[in-house]
Amino acid sequence: MTTGAPTTPYTDRPRRSRLRRYLPLGLAGWLVLEIWLLTLVAGAAGGMTVFLLLVAGVVAGSVVIKRAGRRAFQNLNEALQQGGSPKRGEGNGLTMLGGLLLIIPGMISDLLGLLLLLPPVQKAVSRLAENTFQKRLRAAVPGSLGDAFQQARMHRPDGKVVQGEVIREDRADRPGPDERRPPLTR
């Protein structure tokens, strides 16, 4: 027995994005490549050498992440004390990503992590990420998350900023919580 409007069978499945389709395959291929490379190095240099390399990667990665986190926190504190916003282009996020890649066991991830610690590579990656983000933001479909970011950045058509004033009410002028609402029990 059915009630209400008849339901239509779900025939038109939404297409999966390329990222959702190929990301698991790419991760599996990356893991196989990492394991294969580790076995090659272990066969050539010995198992203890590979173990020491992996431990050194974890230690170096954690030190890099800790220093980048401290630097980011110090920049934030200084900016808040001066009443401004933190400096852009410091590269703390990419430095932390490089440290995380160092912590992940494997030779390829360690190489990528070391590359991300180089300032020219950081600048190139951040420039590429910013350009990609801007392109996607411009091509945002109405109602999407990118559209919400675009709406938050809108200006007046003539490019002017509308001046405003914030008026804060004093607590003494406002009624207390008991005066605003009737009591729940009588």
# chains A, B, ... in the order shown; residues from 1 in each chain; ligands from 1
>>> residues_around(residues="segment 24-37 of chain A", least_positions_apart="5", cutoff="8 Å", atoms="only C-alpha atoms", output="PyMOL selection string")
chain A and resi 106-108
>>> write_last_selection(atoms="all heavy atoms", output="short mmCIF file (atom, residue, chain, number, x, y, z; two decimals), in the first residue's frame")
data_model
loop_
_atom_site.label_atom_id
_atom_site.label_comp_id
_atom_site.auth_asym_id
_atom_site.auth_seq_id
_atom_site.Cartn_x
_atom_site.Cartn_y
_atom_site.Cartn_z
N GLY A 106 57.99 6.00 3.52
CA GLY A 106 58.19 5.77 2.10
C GLY A 106 59.21 6.74 1.54
O GLY A 106 59.39 7.86 2.03
N MET A 107 59.85 6.32 0.46
CA MET A 107 60.89 7.14 -0.15
C MET A 107 60.31 8.26 -1.01
O MET A 107 60.83 9.38 -1.01
CB MET A 107 61.81 6.27 -1.02
CG MET A 107 62.48 5.17 -0.27
SD MET A 107 63.65 5.90 0.87
CE MET A 107 64.19 4.46 1.73
N ILE A 108 59.25 7.99 -1.74
CA ILE A 108 58.65 8.99 -2.61
C ILE A 108 58.03 10.11 -1.79
O ILE A 108 58.20 11.29 -2.09
CB ILE A 108 57.61 8.35 -3.55
CG1 ILE A 108 58.30 7.33 -4.45
CG2 ILE A 108 56.91 9.40 -4.39
CD1 ILE A 108 57.35 6.49 -5.26
#
>>> closest_residue(among="A:Asn77, A:Arg70, A:Val125, A:Val59", to="Leu100 of chain A", atoms="only C-alpha atoms")
A:Val59
>>> closest_residue(among="A:Leu19, A:Ala56, A:Val41, A:Leu94", to="Ala124 of chain A", atoms="only C-alpha atoms")
A:Leu94
>>> atom_distance(atom1="atom CA of Leu118 of chain A", atom2="atom CA of Leu97 of chain A")
12.1 Å
>>> atom_distance(atom1="atom CA of Leu117 of chain A", atom2="atom CA of Thr95 of chain A")
5.7 Å
>>> residues_around(residues="Leu53 of chain A", least_positions_apart="2", cutoff="12 Å", atoms="only C-alpha atoms", output="ChimeraX atom specification")
/A:38,41-42,45-51,55-61,102-107,110
>>> select_by_dssp(residues="segment 57-137 of chain A", states="alpha helix (DSSP H)", output="PyMOL selection string")
chain A and resi 57-82+92-103+107-116+119-137
>>> write_last_selection(atoms="C-alpha atoms", output="tab-separated table (two decimals), in the first residue's frame")
chain	number	residue	atom	x	y	z
A	57	GLY	CA	61.90	10.69	8.35
A	58	VAL	CA	59.43	10.56	11.24
A	59	VAL	CA	61.73	12.52	13.54
A	60	ALA	CA	62.59	15.13	10.90
A	61	GLY	CA	58.93	15.50	9.90
A	62	SER	CA	57.78	16.03	13.46
A	63	VAL	CA	60.49	18.67	14.04
A	64	VAL	CA	59.49	20.48	10.84
A	65	ILE	CA	55.80	20.44	11.76
A	66	LYS	CA	56.53	21.66	15.29
A	67	ARG	CA	58.67	24.57	14.07
A	68	ALA	CA	56.18	25.58	11.38
A	69	GLY	CA	53.34	25.46	13.91
A	70	ARG	CA	55.27	27.64	16.34
A	71	ARG	CA	56.10	30.13	13.59
A	72	ALA	CA	52.48	30.30	12.49
A	73	PHE	CA	51.32	30.80	16.08
A	74	GLN	CA	53.90	33.56	16.66
A	75	ASN	CA	52.85	35.33	13.45
A	76	LEU	CA	49.23	35.13	14.54
A	77	ASN	CA	50.01	36.50	18.00
A	78	GLU	CA	52.07	39.38	16.59
A	79	ALA	CA	49.36	40.24	14.11
A	80	LEU	CA	46.65	40.20	16.78
A	81	GLN	CA	48.72	42.38	19.09
A	82	GLN	CA	49.28	44.90	16.30
A	92	ASN	CA	53.72	27.56	7.04
A	93	GLY	CA	50.96	25.39	5.60
A	94	LEU	CA	53.19	23.99	2.88
A	95	THR	CA	55.99	23.50	5.40
A	96	MET	CA	53.61	21.50	7.58
A	97	LEU	CA	52.55	19.48	4.56
A	98	GLY	CA	56.20	18.79	3.80
A	99	GLY	CA	56.69	17.62	7.39
A	100	LEU	CA	53.64	15.39	7.14
A	101	LEU	CA	54.99	13.84	3.95
A	102	LEU	CA	58.27	13.22	5.76
A	103	ILE	CA	56.41	11.41	8.54
A	107	MET	CA	60.89	7.14	-0.15
A	108	ILE	CA	58.65	8.99	-2.61
A	109	SER	CA	56.73	10.77	0.13
A	110	ASP	CA	60.03	11.72	1.79
A	111	LEU	CA	61.33	13.15	-1.49
A	112	LEU	CA	58.12	15.15	-2.00
A	113	GLY	CA	58.28	16.36	1.61
A	114	LEU	CA	61.88	17.52	1.19
A	115	LEU	CA	60.94	19.30	-2.05
A	116	LEU	CA	58.11	21.14	-0.27
A	119	PRO	CA	61.23	28.07	-0.65
A	120	PRO	CA	61.13	28.27	-4.50
A	121	VAL	CA	58.99	25.13	-4.62
A	122	GLN	CA	56.72	26.52	-1.91
A	123	LYS	CA	56.22	29.74	-3.86
A	124	ALA	CA	55.45	27.86	-7.07
A	125	VAL	CA	52.99	25.50	-5.37
A	126	SER	CA	51.23	28.30	-3.50
A	127	ARG	CA	50.96	30.37	-6.69
A	128	LEU	CA	49.54	27.36	-8.55
A	129	ALA	CA	47.06	26.60	-5.76
A	130	GLU	CA	45.92	30.22	-5.55
A	131	ASN	CA	45.42	30.47	-9.32
A	132	THR	CA	43.47	27.19	-9.37
A	133	PHE	CA	41.30	28.35	-6.48
A	134	GLN	CA	40.60	31.67	-8.20
A	135	LYS	CA	39.62	29.92	-11.46
A	136	ARG	CA	37.25	27.60	-9.65
A	137	LEU	CA	35.81	30.49	-7.70
